[in-house]
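Colleague: For reference, the file final.txt (compact mmCIF, C-alpha atoms) is included below:
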```txt
# COMPACT_ATOMS: atom_id res chain seq x y z
CA MET J 1 -4.80 36.62 32.39
CA ASN J 2 -3.66 34.04 29.86
CA ILE J 3 -4.70 35.52 26.50
CA GLU J 4 -4.56 34.25 22.90
CA PHE J 5 -4.63 36.91 20.15
CA ILE J 6 -5.63 35.60 16.72
CA ILE J 7 -4.84 38.21 14.06
CA ASN J 8 -6.08 38.47 10.50
CA PRO J 9 -2.91 39.54 8.62
CA LYS J 10 -5.04 41.97 6.56
CA ALA J 11 -5.94 43.79 9.81
CA LYS J 12 -5.13 47.51 9.80
CA ASN J 13 -4.29 47.22 6.10
CA GLY J 14 -1.53 44.71 6.83
CA LYS J 15 0.12 46.69 9.65
CA THR J 16 0.31 43.65 11.90
CA GLU J 17 3.69 44.63 13.36
CA GLU J 18 2.20 47.87 14.70
CA LEU J 19 -0.77 45.97 16.10
CA GLU J 20 1.46 43.45 17.84
CA ARG J 21 3.58 46.24 19.32
CA ILE J 22 0.50 47.91 20.84
CA ILE J 23 -0.86 44.59 22.14
CA ARG J 24 2.43 43.59 23.80
CA SER J 25 2.77 47.03 25.37
CA ARG J 26 -0.79 47.05 26.75
CA PHE J 27 -0.67 43.47 28.08
CA LYS J 28 2.94 43.35 29.29
CA SER J 29 1.89 42.12 32.75
CA HIS J 30 -0.11 39.20 31.32
CA SER J 31 0.76 35.97 29.54
CA ILE J 32 -0.08 36.55 25.88
CA TYR J 33 0.24 34.58 22.66
CA VAL J 34 -0.04 36.40 19.32
CA THR J 35 -0.70 34.31 16.20
CA PRO J 36 -1.48 35.64 12.70
CA THR J 37 -3.56 33.45 10.41
CA SER J 38 -2.15 32.30 7.09
CA TYR J 39 -5.24 30.92 5.33
CA CYS J 40 -9.05 31.02 5.42
CA GLY J 41 -10.44 28.87 8.23
CA GLU J 42 -7.22 28.72 10.25
CA ALA J 43 -8.62 31.01 12.98
CA THR J 44 -11.09 28.25 13.91
CA LEU J 45 -8.25 25.74 14.36
CA LEU J 46 -6.19 28.26 16.35
CA ALA J 47 -9.15 28.98 18.64
CA ARG J 48 -9.66 25.27 19.29
CA ARG J 49 -5.99 24.94 20.13
CA ALA J 50 -6.23 27.93 22.50
CA VAL J 51 -9.14 26.25 24.28
CA ASP J 52 -7.12 23.03 24.63
CA HIS J 53 -4.17 25.01 26.01
CA GLY J 54 -6.31 26.51 28.76
CA ARG J 55 -6.35 30.16 27.73
CA ASP J 56 -8.62 32.50 29.75
CA VAL J 57 -9.52 34.79 26.85
CA ILE J 58 -9.34 34.56 23.06
CA VAL J 59 -9.14 37.87 21.19
CA ALA J 60 -10.14 38.10 17.53
CA VAL J 61 -8.23 40.86 15.75
CA GLY J 62 -9.95 41.47 12.42
CA GLY J 63 -13.45 41.84 11.04
CA ASP J 64 -16.69 39.89 11.42
CA GLY J 65 -15.29 37.02 9.36
CA THR J 66 -12.35 36.57 11.73
CA ILE J 67 -14.70 36.73 14.72
CA ASN J 68 -16.91 34.11 13.08
CA GLU J 69 -14.01 31.70 12.60
CA VAL J 70 -12.83 32.22 16.18
CA LEU J 71 -16.23 31.74 17.82
CA ASN J 72 -16.75 28.50 15.88
CA GLY J 73 -13.47 27.26 17.33
CA MET J 74 -14.54 28.30 20.85
CA MET J 75 -17.83 26.37 20.89
CA GLY J 76 -18.17 24.03 23.83
CA SER J 77 -15.91 26.14 26.04
CA ASP J 78 -16.75 28.95 28.47
CA LEU J 79 -13.90 31.22 27.42
CA ALA J 80 -14.53 34.92 26.88
CA LEU J 81 -14.16 36.43 23.41
CA GLY J 82 -12.38 39.76 23.12
CA ILE J 83 -12.58 41.88 19.98
CA ILE J 84 -10.19 44.34 18.36
CA PRO J 85 -12.16 45.42 15.25
CA THR J 86 -10.09 46.07 12.13
CA GLY J 87 -12.46 44.86 9.40
CA THR J 88 -14.71 46.51 6.82
CA ALA J 89 -18.17 46.53 8.40
CA ASN J 90 -17.36 45.43 11.98
CA ASP J 91 -21.03 44.72 12.67
CA LEU J 92 -20.57 42.99 16.03
CA ALA J 93 -18.17 45.67 17.26
CA SER J 94 -20.63 48.37 16.20
CA TYR J 95 -23.48 46.60 18.01
CA TYR J 96 -21.47 46.66 21.24
CA GLY J 97 -20.20 50.20 20.69
CA LEU J 98 -16.56 49.17 20.60
CA PRO J 99 -14.15 51.98 19.66
CA ARG J 100 -11.93 51.99 16.60
CA LYS J 101 -8.68 52.64 18.49
CA VAL J 102 -6.70 49.51 19.28
CA GLU J 103 -5.49 50.88 22.63
CA GLU J 104 -9.04 51.55 23.85
CA ASN J 105 -10.14 48.02 22.92
CA CYS J 106 -7.15 46.62 24.82
CA ASP J 107 -8.29 48.50 27.92
CA ILE J 108 -11.82 47.06 27.54
CA ILE J 109 -10.38 43.54 27.31
CA LEU J 110 -8.32 44.14 30.44
CA ARG J 111 -11.49 45.08 32.39
CA LYS J 112 -13.12 41.83 31.16
CA ARG J 113 -16.77 42.81 31.55
CA VAL J 114 -18.72 40.00 29.88
CA HIS J 115 -22.06 39.81 28.06
CA ARG J 116 -23.74 36.51 27.16
CA ALA J 117 -24.83 36.58 23.51
CA ASP J 118 -27.15 34.21 21.66
CA LEU J 119 -25.74 32.36 18.67
CA ILE J 120 -27.51 31.23 15.51
CA ARG J 121 -26.60 27.83 14.13
CA VAL J 122 -27.07 27.09 10.43
CA ASN J 123 -26.58 23.36 9.83
CA ASP J 124 -23.16 22.88 11.48
CA ARG J 125 -21.95 26.51 11.49
CA PHE J 126 -22.57 29.27 14.07
CA TYR J 127 -22.83 33.02 13.57
CA VAL J 128 -23.62 35.91 15.91
CA THR J 129 -24.69 39.00 13.92
CA ALA J 130 -26.92 38.75 10.86
CA GLY J 131 -27.22 36.64 7.74
CA GLY J 132 -29.56 35.07 5.23
CA LEU J 133 -30.17 34.16 1.61
CA GLY J 134 -31.03 35.84 -1.66
CA PHE J 135 -29.82 39.35 -2.47
CA PRO J 136 -27.54 39.63 0.62
CA THR J 137 -25.50 36.62 -0.53
CA THR J 138 -25.02 38.22 -3.96
CA VAL J 139 -23.79 41.44 -2.34
CA ALA J 140 -21.46 39.54 0.00
CA ALA J 141 -20.01 37.50 -2.87
CA ILE J 142 -19.23 40.67 -4.83
CA ALA J 143 -17.71 42.32 -1.73
CA ASN J 144 -15.53 39.29 -0.98
CA ASN J 145 -14.32 39.15 -4.58
CA LEU J 146 -13.45 42.86 -4.47
CA LYS J 147 -11.62 42.58 -1.16
CA ASN J 148 -9.67 39.57 -2.40
CA GLU J 149 -8.60 41.32 -5.59
CA THR J 150 -5.00 42.44 -5.62
CA ARG J 151 -4.06 46.13 -5.65
CA TYR J 152 -7.30 47.43 -7.16
CA GLY J 153 -9.54 45.68 -4.64
CA LYS J 154 -7.42 46.72 -1.67
CA PHE J 155 -7.53 50.34 -2.84
CA ILE J 156 -11.34 50.27 -3.17
CA ASN J 157 -11.70 48.64 0.24
CA GLN J 158 -9.46 51.23 1.92
CA LEU J 159 -11.17 54.11 0.13
CA LEU J 160 -14.77 53.10 0.88
CA SER J 161 -14.36 51.22 4.19
CA ASN J 162 -17.86 50.12 5.38
CA LYS J 163 -19.45 51.94 2.40
CA LEU J 164 -18.01 49.19 0.22
CA TYR J 165 -21.29 47.32 0.63
CA MET J 166 -23.22 50.23 -0.89
CA LEU J 167 -21.11 49.91 -4.04
CA CYS J 168 -21.63 46.15 -4.03
CA CYS J 169 -25.40 46.67 -3.81
CA LEU J 170 -25.27 48.74 -6.99
CA LEU J 171 -23.18 46.08 -8.74
CA ALA J 172 -25.62 43.37 -7.60
CA ILE J 173 -28.55 45.39 -8.97
CA LEU J 174 -26.81 45.61 -12.34
CA GLN J 175 -26.58 41.81 -12.39
CA GLY J 176 -30.38 41.72 -12.52
CA ARG J 177 -33.11 39.81 -10.72
CA ARG J 178 -32.48 36.25 -9.63
CA ARG J 179 -35.39 33.98 -8.82
CA SER J 180 -35.17 32.37 -5.35
CA LEU J 181 -37.97 29.99 -4.47
CA LEU J 182 -37.71 29.09 -0.79
CA LYS J 183 -39.84 26.81 1.34
CA LEU J 184 -40.00 27.95 4.97
CA THR J 185 -41.02 25.55 7.74
CA GLY J 186 -41.19 26.36 11.43
CA GLN J 187 -43.45 27.73 14.13
CA ASN J 188 -46.61 28.97 12.36
CA GLN J 189 -44.74 28.80 9.06
CA ASN J 190 -45.15 26.33 6.17
CA SER J 191 -45.09 28.24 2.90
CA ILE J 192 -43.22 28.68 -0.37
CA TYR J 193 -42.08 32.19 -1.28
CA ASP J 194 -40.49 33.86 -4.28
CA VAL J 195 -37.84 35.74 -2.29
CA PHE J 196 -35.76 38.83 -2.94
CA ALA J 197 -34.09 38.62 0.46
CA LEU J 198 -34.50 36.45 3.54
CA THR J 199 -32.47 37.57 6.56
CA ILE J 200 -32.07 35.82 9.91
CA ASN J 201 -30.82 38.45 12.34
CA ASN J 202 -29.42 38.61 15.86
CA GLN J 203 -28.97 42.40 15.80
CA PRO J 204 -30.56 45.30 13.90
CA PHE J 205 -28.11 45.88 11.06
CA LEU J 206 -26.30 44.02 8.30
CA GLY J 207 -23.28 45.52 6.55
CA LYS J 208 -23.44 48.40 9.07
CA ASN J 209 -25.74 50.56 6.93
CA PHE J 210 -28.70 48.22 6.35
CA VAL J 211 -31.05 48.24 9.37
CA VAL J 212 -32.98 45.14 8.39
CA SER J 213 -34.43 44.17 11.80
CA PRO J 214 -34.63 47.36 13.91
CA GLN J 215 -35.88 45.59 17.06
CA ALA J 216 -33.40 42.69 17.06
CA VAL J 217 -31.17 42.11 20.09
CA ASN J 218 -28.72 39.27 20.64
CA ASP J 219 -29.77 38.16 24.13
CA ASP J 220 -33.55 37.60 24.00
CA GLY J 221 -33.57 33.91 23.05
CA LEU J 222 -35.03 34.59 19.58
CA PHE J 223 -33.74 35.59 16.16
CA ASP J 224 -35.54 38.10 13.95
CA VAL J 225 -36.64 37.04 10.48
CA CYS J 226 -37.19 39.55 7.67
CA LEU J 227 -38.59 38.24 4.40
CA ILE J 228 -38.79 40.57 1.38
CA LYS J 229 -40.70 39.13 -1.56
CA ASN J 230 -39.27 39.30 -5.04
CA VAL J 231 -39.78 42.10 -7.51
CA LYS J 232 -39.86 42.21 -11.30
CA SER J 233 -37.54 45.12 -12.08
CA ARG J 234 -34.28 46.80 -11.13
CA LEU J 235 -36.31 49.85 -10.08
CA GLY J 236 -38.23 47.65 -7.65
CA ILE J 237 -34.96 46.35 -6.21
CA VAL J 238 -33.71 49.91 -5.73
CA PHE J 239 -37.00 50.80 -4.02
CA HIS J 240 -36.63 47.89 -1.56
CA ILE J 241 -33.02 48.82 -0.75
CA VAL J 242 -33.90 52.47 -0.16
CA GLU J 243 -36.74 51.41 2.13
CA VAL J 244 -34.31 49.33 4.19
CA LEU J 245 -31.82 52.20 4.37
CA ILE J 246 -34.44 54.64 5.71
CA GLY J 247 -36.09 52.07 7.95
CA ARG J 248 -39.46 51.99 6.18
CA HIS J 249 -39.44 48.49 4.70
CA MET J 250 -41.42 46.96 7.59
CA TYR J 251 -44.51 48.86 6.40
CA SER J 252 -44.36 47.38 2.89
CA PRO J 253 -46.90 44.68 1.91
CA ALA J 254 -43.97 42.80 0.32
CA VAL J 255 -42.30 42.39 3.72
CA GLN J 256 -43.00 39.91 6.52
CA MET J 257 -41.20 40.06 9.88
CA TRP J 258 -41.37 37.73 12.86
CA GLN J 259 -39.33 36.18 15.68
CA THR J 260 -38.63 32.52 16.33
CA ASP J 261 -35.91 30.19 17.60
CA TYR J 262 -36.10 27.65 14.74
CA LEU J 263 -36.61 27.79 11.00
CA LYS J 264 -36.01 25.32 8.18
CA VAL J 265 -35.31 26.79 4.76
CA GLU J 266 -35.33 24.66 1.60
CA SER J 267 -34.12 26.13 -1.67
CA GLN J 268 -35.19 25.04 -5.14
CA ASN J 269 -31.55 25.37 -6.22
CA PRO J 270 -28.41 25.02 -4.09
CA SER J 271 -27.60 28.36 -2.49
CA HIS J 272 -25.04 29.99 -0.26
CA PHE J 273 -26.06 31.17 3.20
CA LEU J 274 -24.55 34.38 4.55
CA GLY J 275 -23.54 34.56 8.22
CA ASP J 276 -21.30 37.22 9.81
CA GLY J 277 -20.37 38.38 6.32
CA GLU J 278 -19.10 34.92 5.35
CA LEU J 279 -20.65 32.62 2.76
CA LEU J 280 -21.34 29.03 3.76
CA PRO J 281 -20.91 26.32 1.12
CA GLU J 282 -23.86 25.88 -1.23
CA CYS J 283 -26.69 23.74 0.09
CA ASP J 284 -30.40 23.24 -0.67
CA SER J 285 -31.56 22.83 2.95
CA PHE J 286 -30.75 24.94 6.02
CA HIS J 287 -31.74 24.10 9.59
CA ILE J 288 -31.53 27.29 11.64
CA HIS J 289 -31.52 27.10 15.46
CA LEU J 290 -30.92 29.66 18.20
CA TYR J 291 -28.57 28.81 21.07
CA ARG J 292 -29.32 31.12 23.98
CA GLY J 293 -26.37 32.74 25.78
CA ALA J 294 -23.88 30.47 24.02
CA LEU J 295 -21.09 33.04 23.65
CA SER J 296 -19.35 35.21 26.29
CA VAL J 297 -18.21 38.52 24.75
CA ILE J 298 -16.06 41.15 26.48
CA VAL J 299 -17.90 44.46 26.08
CA PRO J 300 -17.63 48.12 27.17
CA ASP J 301 -19.18 49.21 30.47
CA ALA J 302 -21.47 51.55 28.53
CA PHE J 303 -23.12 48.65 26.70
CA LEU J 304 -23.90 46.82 29.94
CA CYS J 305 -25.35 50.00 31.48
CA GLU J 306 -27.53 50.56 28.40
CA ARG J 307 -28.66 46.92 28.45
CA ASP J 308 -29.57 47.11 32.14
CA SER J 309 -31.53 50.30 31.47
CA ARG J 310 -33.37 48.64 28.57
CA ASN J 311 -34.27 45.61 30.66
CA THR J 312 -35.52 47.83 33.50
CA SER J 313 -37.72 49.74 31.04
CA ASP J 314 -39.10 46.48 29.60
CA ILE J 315 -40.00 45.22 33.08
CA ALA J 316 -41.68 48.52 33.97
CA ALA J 317 -43.67 48.47 30.70
CA ALA J 318 -44.84 44.92 31.40
```
I'd like the structure from this file rewritten - as C-alpha cells, please.
Modeller:
Amino acid sequence: MNIEFIINPKAKNGKTEELERIIRSRFKSHSIYVTPTSYCGEATLLARRAVDHGRDVIVAVGGDGTINEVLNGMMGSDLALGIIPTGTANDLASYYGLPRKVEENCDIILRKRVHRADLIRVNDRFYVTAGGLGFPTTVAAIANNLKNETRYGKFINQLLSNKLYMLCCLLAILQGRRRSLLKLTGQNQNSIYDVFALTINNQPFLGKNFVVSPQAVNDDGLFDVCLIKNVKSRLGIVFHIVEVLIGRHMYSPAVQMWQTDYLKVESQNPSHFLGDGELLPECDSFHIHLYRGALSVIVPDAFLCERDSRNTSDIAAA
C-alpha cells in the first residue's frame, strides 16, 4: 500500500517521534509518507495533496478535529481513511471500537477492512460524528481554549482526558443561560424555538460521555436531530445535562427527537456550529445535508461483524 500519515504534533502529548518509530516499524514493507501538521487547517491541505499524489490510504493520527480536517481534504476521492486515535474524546474511534494502542491500530489499517459512513455537510464543511448549536458550542469553545492554553491547559487535558468535557460543562453552566432563538425548516418542520441545545448527530454520543441520540448510526442515510428547549435557571440546565448522561432526556417534554436528511437552521444572532468537536466560523444560516456513504473508513473486523448482525436482526424484525 501507498499510505500517507498526517499527524497532529500534539498527538500522544507531543511524543511524535515515538509515534513515527512505531508507524515505520509496522509498515516497513509499504510505501509510507509521514507528515506532521504545523497549523490549524493544514491537515486538509495535506490530505488534498495526498489524493493528488495517488495515495491508497490516508491515516489521521490525532483526535476528532484532525480526522475532520483530513476527511474534508479527501472529499471527491474514494480513498480509505485510517485512524490512529490520540485525541481527547476520540468519538469516531470509540464508535468503531478502535483500540488505544498505536500498534493495534496499525494492524487494523494493514487489514484494510472498510466501512462506508454517511457524512453531514453544514454549508461548505463536512463532519462525521456529532455536532450542533447552543450549549454544545459553548462547552466546545471552553474546551478548545483550555487545550490551547500553555502549561496549565496541557496539564488539565492530560489529567482529565475525555472527562475534560465534564469540567467544561460545569464552567459553561457558571456562565449562565444564553438565549438562542432558532428557526428550523425542513421535512415536517417550520418552527421557531428558544433552544438550549440543538444537536445533529451521526452516532449516539458527543464528547464520549453524552449519549444525545441513542439510536443514531452513521450508515442509515439519515441524521438524528435532538432539540432541547431552553430553561430559565442553572438548576434546569444541570437537570437537562444529568438527563442526557443517564439517557433519560428523550422522555422529557422539553425534548424533541427526529430523523431527516436535510435541515435549515437560521439563528437570530450569528452563531458557531460544532462539528466533530470543531467550531465553524460564525454564521446566521446553516444548510445541513446528509451525504450517504460518502466516506470509506478502515475499521476493526469486530465492528463489521456487529453491523452485519444488527442488519440481520433489523431484516428479521421487519
Colleague: Excluding Ala216 (chain J) and residues on its chain fewer than 2 positions from it, collect all residues at most 12 Å away from it, counting all atoms listed in the file, and give them as a PyMOL selection string.
Modeller: chain J and resi 95+118+128-130+199-206+211-214+218-226+257-260
Colleague: Please, what distance in Å, to one decimal, runs between CA of Gly62 (chain J) and CA of Ile241 (chain J)?
Modeller: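 These atoms are spaced 27.6 Å apart.
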Colleague: Could you work out how far CA of Leu171 (chain J) lies from CA of Val242 (chain J), giving the answer in Å with one decimal?
Modeller: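 Distance between the two atoms: 15.1 Å.
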Colleague: From the set J:Leu274, J:Val102, J:Ala254, J:Val238, which residue has the shortest atom-to-atom contact distance to Gly131 (chain J), counting all atoms listed in the file?
Modeller: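 Checking each candidate against Gly131 (chain J), we get J:Leu274 as the closest.
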Colleague: Which neighbours of Ile142 (chain J) fall inside 9 Å, counting all atoms listed in the file, when residues of the same chain fewer than 3 positions from it are skipped, and could you give them as a PyMOL selection string?
Modeller: chain J and resi 137-139+145-147+165+168-169+171-172
Colleague: Determine the nearest neighbour of Leu235 (chain J) from the options J:Leu290, J:Leu71, J:Leu170, J:Val217, counting all atoms listed in the file.
Modeller: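 Smallest separation from Leu235 (chain J) among the options: J:Leu170.
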